[in-house]
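Structure first, commentary second.
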Amino acid sequence: MFSHFYQKNIIEKPKIIFAILLVSLASFGFFTKDFRLDASSETLLIDGDPDLKYLKEVTERYNSKEFLVLTYTPNEAMVSENSINNLLSLKYKIQSLDWVHSVITILDIPLLNSTDKTLNERLQNFSTLKSDGINKNRGFNEILNSPVFRNFVISEDGKTSGIIVNIKKNIIPNEIKSKKEIKIYKDKLKKKNHRNIIEIREIIKSYNDVGKIHLGGIPMIADDMMTFIKNDIVIFGIGVLVFIIATLWFVFKKFVWIIVPISSCFLSVVIMIGLLGLLGWKVTVISSNFIALMLILTMAMNIHMSTRFLQLTKEKPNLSKKEIILQTTSKMFWPILYTVLTTICAFLSLIFSEIKPIIDFGWMMTLGLIVSFIVTFSLLPALISFVSDVSVNINENRNSVFTNLLGKLSINNKSLIFIASILIFFISVFGISRLEVENSFINYFSKNTEIYKGMKLIDEKLGGTTPLEVIIKFPKKDEEEDDDWEESGSEEDDSKYWFTKDKIDKIDKVHKYLDGLPAVGKVLSFSSIIEVATQLNDNKPLGSLEMGVLYSKIPDSIRKEIVDPYISIKDSEARINLRIKDSNEELRRNELINQIKYDLSNKIGLKEDEYKLVGVLILFNNLLQSLFKSQILTLGFVMIGIFAMFFILFKNIKLSLIGVVPNFIAAFFILGIIGIAKIPLDMMTITIAAITIGIAVDNSIHYIYRFKEEYNKIHDYKLTLKKCHSTVGVAILNTSITIVFGFSILILSNFIPTIYFGIFTGIAMLLAMISVLTLLPALLLVFQPFGGK
């Protein structure tokens, strides 16, 4: 039935099919203009994470701004005239950019200890390092020893200062309401952010001769990640394409057999990019390798099809080209369909992840495989029918030397293969037991990138990189039972009485506890401000009422920058901001978070509803912890799904078990290697096992399908094995080498998880190929699932 339908509608109408495909190419090619990339921080978070929602509330409440950070290490001393003038010039140039809200440097820090005036007078008329007549060395030492600014805007050694560039808020206009309009608006903001980063880098470049300046901050990371994605897509695509052409020439030695498969790859990729543009799906750093994967998987289908066509041409010279095409497609349709379905099963397993970009990656590759399958079974027969001379003398002997060697090993050394497989299994179990998800964001990037250099310097010199916030909640006014609280008539008066001893002591206790943790860098809170105020008050502690009065008299400019970020009188809570040293190799994020929660309850005595942890560290940890759950669900889904497909295809439980074992062993072994090597799982490496099984099992399907076909003719297991190793075994070898080297192209990425993904998936595919050509035939010989001898 299939043969009749296929012959009537595809093989006998190649011109119509070719025309339809050209129209599809033009149509989907039009939508490639809507193809978009996304490198926002949301792409590295769990979809719908409640901690993200709470972080946004806290950010809004404390009026936190998006900002960039520059590290400035001048060639001369920090307070030399040249260094100050250069810093001042740099500040004003950056400040002149229309997207910059404000620029804060050590030249803007209030110097409150530089005169003998009263505290109130010093607050009202403060000086800075750029003020006339100020003793710059005395002022610099004040900043260097400040509880607030040390390790924040100036390093402990005084050689590196931080420049904070606050960015103007971009509020979505009220008239923009639909999701499509919001997407368009956000895309414009990303383009604007890219231009902003280029502008500030141009300014930095002009100051290269005065010292070392590195750029950091979330907007810069997002923009650089976008550049990485663009580069990865181009480099991966070109690299894989070049290697595929080389492989095709090595295998077929004829120009037409390079053009035909490459055409399928090109058409599949263009249609897929157009579909992504049409559907509005954005490519993230996780899915940036989808073009390379599509090229690899489409090529694997085409090599199997082409090899079988040429083998049939050689075996049956009396048949017409159309008849050979029909036989090729008839024999290859079901095995390739099931290889596509098993690979789709692997990618669909990624939807069990709670991480949106991983889920999107799964759906993208599912759609891409369907496109590749349709194109392969329509374009390849049409193109072959147009070519007059398609004969190729494939030098199978050259390739089959290796496959025949593996075949002899399977026949003569079955015990050795089984012992090695059992040993590999136990090594895998040991390695998997050592798997961990602990990772640092800084280690996602190559050491020669600006992201790494900037983060490393901030981590070591300016108090750490990854923010964590502890929100301490106090009873609201109508719940307050503290004796120090007094009713009053105005909000301004209320603030005077908010600063009770109980609140201040509680903030101070938590601050000191956090400051004592080895993994914690800079800690800032209202306690830091109190410490400065105490120093300015001749080291005499301020009373609760004095604090309230002082708070009301502080100039707005100081209050907004120094006090308001750490307390919210309206919400009756305090915010303690700390930064974690992300490059600390001893750091265990989940343990640290759990330790802080435990100690706040058991050592400090806070009730669970009196504090909450929030920040990027929490979001990143949530992501990492969800990976273990994702791995279990993913592997479970893949194993069950692939076994079910084997059973449907072969209708034989014994054969189904034999088919999946070699691939599961290869996937488990690669996870074991990752565990033994102490390489932490991340959003890329977590997908290796499932994808390896999904792609590698294709070889098992092709081998078993061909084995069954040949056994029905030969009725001898050993002879059938030799025949399969010299035919389909060669195709498996060629496709596996293509896939392995195709994945190796990913090492050219700047994103370390992508490099690991390429290396380990490539190794896993190599192991799976060897396993399919040794363990699989050995199992077939021992268990003889087709009966007979």
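Residue numbering restarts at 1 for every chain of the structure tokens, chains are lettered A, B, ... in their displayed order, and ligands are numbered from 1 as they appear.
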
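Using only C-alpha atoms, the residues found no farther than 10 Å from Phe140 (chain A), other than those of its own chain fewer than 5 positions away, are Met78, Val79, Ile106, Leu107, Ile109, Leu111, Thr128, Leu129, Asn135, Asn145, Ser146, Ile154 and Gly158 of chain A.
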
- Task: Find the residues near Lys91 (chain A): any atom within 10 Å, counting only C-alpha atoms, skip ones fewer than 5 places away on the same chain, and give them as a PyMOL selection string.
- Result: chain A and resi 85-86+96+102-105+107+163-165

- Item | Using only C-alpha atoms: which of A:Val728, A:Leu617, A:Leu189, A:Val23 has the shortest distance to Lys169 (chain A) |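 The closest residue to Lys169 (chain A) is A:Leu189.
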
- Message: Could you check the closest approach to Ile167 (chain A) for each of A:Phe67, A:Phe757, A:Tyr72, A:Phe30 and tell me which residue wins, using only C-alpha atoms?
- Response: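 Of A:Phe67, A:Phe757, A:Tyr72, A:Phe30, the one nearest Ile167 (chain A), counting only C-alpha atoms, is A:Phe67.
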
Could you please write out, as a PDB file with all heavy atoms, in the first residue's frame, every residue of region 156-355 of chain A that DSSP assigns to strand (DSSP E or B)?
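Generated output (out23.pdb):
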```pdb
ATOM      1  N   SER A 161      39.107  50.267  41.528  1.00  0.00           N
ATOM      2  CA  SER A 161      37.833  50.835  41.971  1.00  0.00           C
ATOM      3  C   SER A 161      36.728  50.394  41.018  1.00  0.00           C
ATOM      4  O   SER A 161      36.978  50.036  39.866  1.00  0.00           O
ATOM      5  CB  SER A 161      37.894  52.360  42.029  1.00  0.00           C
ATOM      6  OG  SER A 161      37.897  52.917  40.730  1.00  0.00           O
ATOM      7  N   GLY A 162      35.521  50.404  41.536  1.00  0.00           N
ATOM      8  CA  GLY A 162      34.364  50.046  40.727  1.00  0.00           C
ATOM      9  C   GLY A 162      33.634  51.295  40.260  1.00  0.00           C
ATOM     10  O   GLY A 162      33.530  52.282  41.000  1.00  0.00           O
ATOM     11  N   ILE A 163      33.162  51.259  39.029  1.00  0.00           N
ATOM     12  CA  ILE A 163      32.351  52.365  38.493  1.00  0.00           C
ATOM     13  C   ILE A 163      30.966  51.788  38.203  1.00  0.00           C
ATOM     14  O   ILE A 163      30.831  50.877  37.375  1.00  0.00           O
ATOM     15  CB  ILE A 163      32.975  52.932  37.198  1.00  0.00           C
ATOM     16  CG1 ILE A 163      34.399  53.420  37.457  1.00  0.00           C
ATOM     17  CG2 ILE A 163      32.109  54.052  36.624  1.00  0.00           C
ATOM     18  CD1 ILE A 163      35.175  53.778  36.194  1.00  0.00           C
ATOM     19  N   ILE A 164      29.962  52.281  38.891  1.00  0.00           N
ATOM     20  CA  ILE A 164      28.596  51.794  38.716  1.00  0.00           C
ATOM     21  C   ILE A 164      27.887  52.697  37.714  1.00  0.00           C
ATOM     22  O   ILE A 164      27.765  53.908  37.931  1.00  0.00           O
ATOM     23  CB  ILE A 164      27.808  51.791  40.050  1.00  0.00           C
ATOM     24  CG1 ILE A 164      28.635  51.153  41.175  1.00  0.00           C
ATOM     25  CG2 ILE A 164      26.464  51.097  39.879  1.00  0.00           C
ATOM     26  CD1 ILE A 164      28.985  49.717  40.960  1.00  0.00           C
ATOM     27  N   VAL A 165      27.412  52.096  36.618  1.00  0.00           N
ATOM     28  CA  VAL A 165      26.692  52.854  35.587  1.00  0.00           C
ATOM     29  C   VAL A 165      25.220  52.437  35.653  1.00  0.00           C
ATOM     30  O   VAL A 165      24.836  51.376  35.169  1.00  0.00           O
ATOM     31  CB  VAL A 165      27.258  52.572  34.174  1.00  0.00           C
ATOM     32  CG1 VAL A 165      26.503  53.378  33.129  1.00  0.00           C
ATOM     33  CG2 VAL A 165      28.752  52.879  34.131  1.00  0.00           C
ATOM     34  N   ASN A 166      24.404  53.263  36.306  1.00  0.00           N
ATOM     35  CA  ASN A 166      22.973  52.972  36.408  1.00  0.00           C
ATOM     36  C   ASN A 166      22.275  53.326  35.098  1.00  0.00           C
ATOM     37  O   ASN A 166      22.485  54.402  34.533  1.00  0.00           O
ATOM     38  CB  ASN A 166      22.344  53.761  37.558  1.00  0.00           C
ATOM     39  CG  ASN A 166      22.801  53.260  38.910  1.00  0.00           C
ATOM     40  OD1 ASN A 166      22.798  52.060  39.160  1.00  0.00           O
ATOM     41  ND2 ASN A 166      23.226  54.162  39.785  1.00  0.00           N
ATOM     42  N   ILE A 167      21.434  52.407  34.629  1.00  0.00           N
ATOM     43  CA  ILE A 167      20.767  52.571  33.330  1.00  0.00           C
ATOM     44  C   ILE A 167      19.346  53.072  33.535  1.00  0.00           C
ATOM     45  O   ILE A 167      18.653  52.657  34.481  1.00  0.00           O
ATOM     46  CB  ILE A 167      20.758  51.223  32.571  1.00  0.00           C
ATOM     47  CG1 ILE A 167      22.204  50.760  32.325  1.00  0.00           C
ATOM     48  CG2 ILE A 167      20.002  51.324  31.256  1.00  0.00           C
ATOM     49  CD1 ILE A 167      22.325  49.347  31.822  1.00  0.00           C
ATOM     50  N   GLY A 211      45.112  52.698  32.077  1.00  0.00           N
ATOM     51  CA  GLY A 211      44.972  51.611  33.040  1.00  0.00           C
ATOM     52  C   GLY A 211      44.147  50.475  32.465  1.00  0.00           C
ATOM     53  O   GLY A 211      43.771  50.485  31.290  1.00  0.00           O
ATOM     54  N   LYS A 212      43.867  49.488  33.302  1.00  0.00           N
ATOM     55  CA  LYS A 212      43.043  48.347  32.870  1.00  0.00           C
ATOM     56  C   LYS A 212      41.586  48.608  33.258  1.00  0.00           C
ATOM     57  O   LYS A 212      41.292  48.883  34.429  1.00  0.00           O
ATOM     58  CB  LYS A 212      43.533  47.057  33.527  1.00  0.00           C
ATOM     59  CG  LYS A 212      44.872  46.580  33.000  1.00  0.00           C
ATOM     60  CD  LYS A 212      45.285  45.273  33.671  1.00  0.00           C
ATOM     61  CE  LYS A 212      46.649  44.805  33.175  1.00  0.00           C
ATOM     62  NZ  LYS A 212      47.085  43.575  33.875  1.00  0.00           N
ATOM     63  N   ILE A 213      40.707  48.512  32.267  1.00  0.00           N
ATOM     64  CA  ILE A 213      39.278  48.713  32.519  1.00  0.00           C
ATOM     65  C   ILE A 213      38.518  47.517  31.951  1.00  0.00           C
ATOM     66  O   ILE A 213      38.663  47.181  30.775  1.00  0.00           O
ATOM     67  CB  ILE A 213      38.760  50.016  31.861  1.00  0.00           C
ATOM     68  CG1 ILE A 213      39.569  51.219  32.343  1.00  0.00           C
ATOM     69  CG2 ILE A 213      37.282  50.221  32.161  1.00  0.00           C
ATOM     70  CD1 ILE A 213      39.234  52.522  31.648  1.00  0.00           C
ATOM     71  N   HIS A 214      37.731  46.865  32.808  1.00  0.00           N
ATOM     72  CA  HIS A 214      36.901  45.739  32.363  1.00  0.00           C
ATOM     73  C   HIS A 214      35.436  46.084  32.569  1.00  0.00           C
ATOM     74  O   HIS A 214      35.072  46.758  33.547  1.00  0.00           O
ATOM     75  CB  HIS A 214      37.242  44.467  33.136  1.00  0.00           C
ATOM     76  CG  HIS A 214      38.589  43.905  32.802  1.00  0.00           C
ATOM     77  ND1 HIS A 214      38.899  43.387  31.567  1.00  0.00           N
ATOM     78  CD2 HIS A 214      39.718  43.782  33.550  1.00  0.00           C
ATOM     79  CE1 HIS A 214      40.141  42.964  31.562  1.00  0.00           C
ATOM     80  NE2 HIS A 214      40.673  43.204  32.756  1.00  0.00           N
ATOM     81  N   LEU A 215      34.610  45.607  31.668  1.00  0.00           N
ATOM     82  CA  LEU A 215      33.170  45.857  31.737  1.00  0.00           C
ATOM     83  C   LEU A 215      32.463  44.618  32.255  1.00  0.00           C
ATOM     84  O   LEU A 215      32.770  43.489  31.858  1.00  0.00           O
ATOM     85  CB  LEU A 215      32.643  46.227  30.341  1.00  0.00           C
ATOM     86  CG  LEU A 215      31.156  46.555  30.215  1.00  0.00           C
ATOM     87  CD1 LEU A 215      30.798  47.800  31.027  1.00  0.00           C
ATOM     88  CD2 LEU A 215      30.776  46.769  28.749  1.00  0.00           C
ATOM     89  N   GLY A 216      31.502  44.805  33.148  1.00  0.00           N
ATOM     90  CA  GLY A 216      30.710  43.695  33.672  1.00  0.00           C
ATOM     91  C   GLY A 216      29.271  44.114  33.857  1.00  0.00           C
ATOM     92  O   GLY A 216      28.888  45.241  33.542  1.00  0.00           O
ATOM     93  N   LYS A 282      12.273  31.603  19.820  1.00  0.00           N
ATOM     94  CA  LYS A 282      13.596  32.219  19.827  1.00  0.00           C
ATOM     95  C   LYS A 282      14.660  31.191  20.194  1.00  0.00           C
ATOM     96  O   LYS A 282      14.437  30.333  21.036  1.00  0.00           O
ATOM     97  CB  LYS A 282      13.627  33.388  20.810  1.00  0.00           C
ATOM     98  CG  LYS A 282      12.713  34.534  20.387  1.00  0.00           C
ATOM     99  CD  LYS A 282      12.783  35.679  21.365  1.00  0.00           C
ATOM    100  CE  LYS A 282      11.866  36.821  20.931  1.00  0.00           C
ATOM    101  NZ  LYS A 282      11.889  37.937  21.885  1.00  0.00           N
ATOM    102  N   VAL A 283      15.807  31.333  19.551  1.00  0.00           N
ATOM    103  CA  VAL A 283      16.937  30.442  19.826  1.00  0.00           C
ATOM    104  C   VAL A 283      17.751  31.022  20.977  1.00  0.00           C
ATOM    105  O   VAL A 283      18.078  32.203  20.976  1.00  0.00           O
ATOM    106  CB  VAL A 283      17.810  30.282  18.569  1.00  0.00           C
ATOM    107  CG1 VAL A 283      19.104  29.549  18.899  1.00  0.00           C
ATOM    108  CG2 VAL A 283      17.045  29.526  17.488  1.00  0.00           C
ATOM    109  N   ILE A 355      12.900  23.966  32.860  1.00  0.00           N
ATOM    110  CA  ILE A 355      13.678  25.090  32.330  1.00  0.00           C
ATOM    111  C   ILE A 355      13.227  25.372  30.911  1.00  0.00           C
ATOM    112  O   ILE A 355      13.380  24.528  30.019  1.00  0.00           O
ATOM    113  CB  ILE A 355      15.181  24.762  32.390  1.00  0.00           C
ATOM    114  CG1 ILE A 355      15.568  24.385  33.831  1.00  0.00           C
ATOM    115  CG2 ILE A 355      16.019  25.927  31.916  1.00  0.00           C
ATOM    116  CD1 ILE A 355      16.777  23.515  33.948  1.00  0.00           C
TER     117      ILE A 355
END
```

- Message: Env of Tyr756 (chain A): 12 Å cut, atoms = only C-alpha atoms, seq-sep filter 5 positions within chain, self excluded. Answer as an MDAnalysis selection string.
- Response: chainID A and resid 443:445 670:671 673:674 677 679:688 743:751 761:764

I need the residues from that last selection saved to file as a PDB file, in the first residue's frame (with C-alpha atoms), if you can.
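Written out: again20.pdb:
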```pdb
ATOM      1  CA  ASN A 443      32.863  28.882  34.786  1.00  0.00           C
ATOM      2  CA  TYR A 444      30.367  28.832  31.913  1.00  0.00           C
ATOM      3  CA  PHE A 445      32.694  31.127  29.986  1.00  0.00           C
ATOM      4  CA  ILE A 670      29.219   8.792  29.506  1.00  0.00           C
ATOM      5  CA  LEU A 671      27.317   9.974  32.604  1.00  0.00           C
ATOM      6  CA  ILE A 673      32.717   9.522  32.998  1.00  0.00           C
ATOM      7  CA  ILE A 674      31.236  12.972  33.736  1.00  0.00           C
ATOM      8  CA  ALA A 677      35.799  13.561  36.113  1.00  0.00           C
ATOM      9  CA  ILE A 679      32.344  17.802  35.868  1.00  0.00           C
ATOM     10  CA  PRO A 680      29.108  19.246  37.260  1.00  0.00           C
ATOM     11  CA  LEU A 681      25.872  18.804  35.362  1.00  0.00           C
ATOM     12  CA  ASP A 682      24.389  21.942  33.822  1.00  0.00           C
ATOM     13  CA  MET A 683      21.594  22.844  31.436  1.00  0.00           C
ATOM     14  CA  MET A 684      23.553  21.407  28.482  1.00  0.00           C
ATOM     15  CA  THR A 685      25.271  18.313  29.895  1.00  0.00           C
ATOM     16  CA  ILE A 686      22.008  17.225  31.534  1.00  0.00           C
ATOM     17  CA  THR A 687      20.615  16.476  28.050  1.00  0.00           C
ATOM     18  CA  ILE A 688      23.550  14.317  26.892  1.00  0.00           C
ATOM     19  CA  PHE A 743      29.562  17.254  17.513  1.00  0.00           C
ATOM     20  CA  SER A 744      33.268  17.979  17.891  1.00  0.00           C
ATOM     21  CA  ILE A 745      32.690  21.288  16.057  1.00  0.00           C
ATOM     22  CA  LEU A 746      30.932  22.500  19.228  1.00  0.00           C
ATOM     23  CA  ILE A 747      34.303  22.861  20.983  1.00  0.00           C
ATOM     24  CA  LEU A 748      34.690  26.140  19.048  1.00  0.00           C
ATOM     25  CA  SER A 749      32.034  27.742  21.267  1.00  0.00           C
ATOM     26  CA  ASN A 750      32.819  30.365  23.956  1.00  0.00           C
ATOM     27  CA  PHE A 751      30.139  28.818  26.164  1.00  0.00           C
ATOM     28  CA  THR A 761      27.988  13.563  23.121  1.00  0.00           C
ATOM     29  CA  GLY A 762      30.659  12.836  20.496  1.00  0.00           C
ATOM     30  CA  ILE A 763      32.402  10.342  22.809  1.00  0.00           C
ATOM     31  CA  ALA A 764      29.050   8.763  23.696  1.00  0.00           C
TER      32      ALA A 764
END
```

Within 6 Å of region 772-783 of chain A, which residues of region 344-436 of chain A come that close, and what is the closest atom pair and distance in Å for each? Count only C-alpha atoms and give it as a tab-separated table.
```
residue	atom	partner	partner_atom	distance
A:Leu406	CA	A:Thr774	CA	5.9
A:Ser410	CA	A:Ala778	CA	5.0
A:Lys414	CA	A:Ala778	CA	5.7
```

- Task: Counting only C-alpha atoms, figure out which residue out of A:Pro335, A:Gly694, A:Gly672, A:Gly758 gets nearest to Ile424 (chain A).
- Result: A:Gly672

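Interatomic distance, CA of Val563 (chain A) to CA of Ala533 (chain A): 11.6 Å.
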
- Rounded to one decimal in Å, what is the spacing between CA of Gly464 (chain A) and CA of Ser287 (chain A)? 29.8 Å

- Message: List as a ChimeraX atom specification the protein and nucleic acid residues near Lys473 (chain A), meaning an atom at most 12 Å away when only C-alpha atoms are counted, but skip any in the same chain fewer than 6 places from it.
- Response: /A:503,506-507,567-576,606-613

- Message: Measuring between only C-alpha atoms, which one of A:Asp564, A:Glu57, A:Glu354, A:Glu81 shows the shortest distance to Asn137 (chain A)?
- Response: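 Going through A:Asp564, A:Glu57, A:Glu354, A:Glu81 one by one, the smallest distance to Asn137 (chain A) is for A:Glu81.
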
- Message: Can you tell me which residues surround Thr735 (chain A) at a distance of at most 12 Å, considering only C-alpha atoms, apart from same-chain residues fewer than 5 positions away, and format the answer as an MDAnalysis selection string?
- Response: chainID A and resid 243:244 247:248 251 295:307 399 695:696 698:699 702 728:730 740:742 765:766 769

I need the residues from that last selection saved to file as a CSV table (one decimal), in the first residue's frame (with C-alpha atoms), if you can.
```csv
chain,number,residue,atom,x,y,z
A,243,PHE,CA,33.0,18.2,7.5
A,244,ILE,CA,29.9,16.7,5.9
A,247,THR,CA,32.8,12.9,4.5
A,248,LEU,CA,30.6,12.6,1.5
A,251,VAL,CA,32.6,7.8,1.0
A,295,LEU,CA,22.6,19.0,9.6
A,296,ILE,CA,24.1,16.0,11.4
A,297,LEU,CA,20.8,14.1,11.7
A,298,THR,CA,19.6,14.9,8.2
A,299,MET,CA,23.0,13.8,6.8
A,300,ALA,CA,22.7,10.5,8.7
A,301,MET,CA,19.3,9.8,7.0
A,302,ASN,CA,20.7,10.7,3.6
A,303,ILE,CA,23.9,8.5,4.0
A,304,HIS,CA,21.7,5.5,4.9
A,305,MET,CA,19.4,6.2,2.0
A,306,SER,CA,22.2,6.8,-0.5
A,307,THR,CA,24.3,3.9,0.6
A,399,ASN,CA,35.5,0.8,5.5
A,695,ILE,CA,20.4,9.3,18.3
A,696,ALA,CA,22.6,6.2,19.0
A,698,ASP,CA,19.2,4.7,15.3
A,699,ASN,CA,22.2,2.5,14.7
A,702,HIS,CA,19.2,0.0,11.2
A,728,VAL,CA,24.7,-1.7,7.0
A,729,GLY,CA,27.8,-1.8,9.3
A,730,VAL,CA,29.6,0.4,6.8
A,740,VAL,CA,31.1,12.3,16.2
A,741,PHE,CA,33.1,14.9,14.2
A,742,GLY,CA,29.9,17.0,13.7
A,765,MET,CA,28.2,8.4,20.0
A,766,LEU,CA,31.5,6.7,19.4
A,769,MET,CA,28.7,2.8,17.6
```

- Item | Sel. of helix (DSSP H, G or I) residues, region 279-524 of chain A, as number ranges by chain | A: 279, 290-315, 321-352, 356-386, 396-412, 414-433, 441-444, 450-461, 477-479, 491-496, 501-515

- Using only C-alpha atoms, which of A:Asn151, A:Ser385, A:Asn539, A:Asn289 sits nearest Ile229 (chain A)?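 Using only C-alpha atoms, Ile229 (chain A) sits closest to A:Asn289.
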
- Task: Between A:Asp599, A:Glu469, A:Glu142, A:Glu460, single out the one closest to Asn584 (chain A), counting only C-alpha atoms.
- Result: A:Glu460

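For Tyr338 (chain A), the residues within 10 Å (counting only C-alpha atoms, excluding itself and residues fewer than 6 positions away along the chain) are Ile344, Ile642, Met645, Phe646, Ile648, Leu649, Val697, Asp698, Ile701 and His702 of chain A.
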
Requested write-out: N, CA and C atoms of the selected residues, as an mmCIF file, in the first residue's frame:
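Contents of the output file out-v3.cif:
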```cif
data_model
loop_
_atom_site.group_PDB
_atom_site.id
_atom_site.type_symbol
_atom_site.label_atom_id
_atom_site.label_comp_id
_atom_site.auth_asym_id
_atom_site.auth_seq_id
_atom_site.Cartn_x
_atom_site.Cartn_y
_atom_site.Cartn_z
ATOM 1 N N ILE A 344 13.121 11.638 18.230
ATOM 2 C CA ILE A 344 12.098 12.581 18.696
ATOM 3 C C ILE A 344 11.737 12.282 20.146
ATOM 4 N N ILE A 642 11.548 4.354 24.037
ATOM 5 C CA ILE A 642 12.326 3.650 23.009
ATOM 6 C C ILE A 642 12.068 2.150 23.055
ATOM 7 N N MET A 645 8.826 1.545 21.304
ATOM 8 C CA MET A 645 8.950 1.653 19.843
ATOM 9 C C MET A 645 9.639 0.424 19.249
ATOM 10 N N PHE A 646 10.640 -0.091 19.951
ATOM 11 C CA PHE A 646 11.292 -1.320 19.488
ATOM 12 C C PHE A 646 10.286 -2.471 19.439
ATOM 13 N N ILE A 648 7.004 -2.259 19.135
ATOM 14 C CA ILE A 648 6.042 -2.030 18.043
ATOM 15 C C ILE A 648 6.681 -2.374 16.698
ATOM 16 N N LEU A 649 7.949 -2.008 16.519
ATOM 17 C CA LEU A 649 8.639 -2.246 15.252
ATOM 18 C C LEU A 649 8.914 -3.734 15.026
ATOM 19 N N VAL A 697 20.469 4.965 19.227
ATOM 20 C CA VAL A 697 19.569 3.830 19.017
ATOM 21 C C VAL A 697 19.186 3.691 17.543
ATOM 22 N N ASP A 698 19.394 4.783 16.771
ATOM 23 C CA ASP A 698 19.159 4.707 15.319
ATOM 24 C C ASP A 698 20.007 3.604 14.709
ATOM 25 N N ILE A 701 18.504 0.215 15.367
ATOM 26 C CA ILE A 701 17.333 -0.049 14.518
ATOM 27 C C ILE A 701 17.769 -0.452 13.109
ATOM 28 N N HIS A 702 18.702 0.310 12.542
ATOM 29 C CA HIS A 702 19.180 -0.005 11.188
ATOM 30 C C HIS A 702 19.834 -1.392 11.149
#
```

- Show which residues sit within 9 Å of Ile245 (chain A), as an NGL selection string. Count only C-alpha atoms, and ignore same-chain residues fewer than 3 positions away. :A and (240-242 or 248-250 or 258-259 or 262)
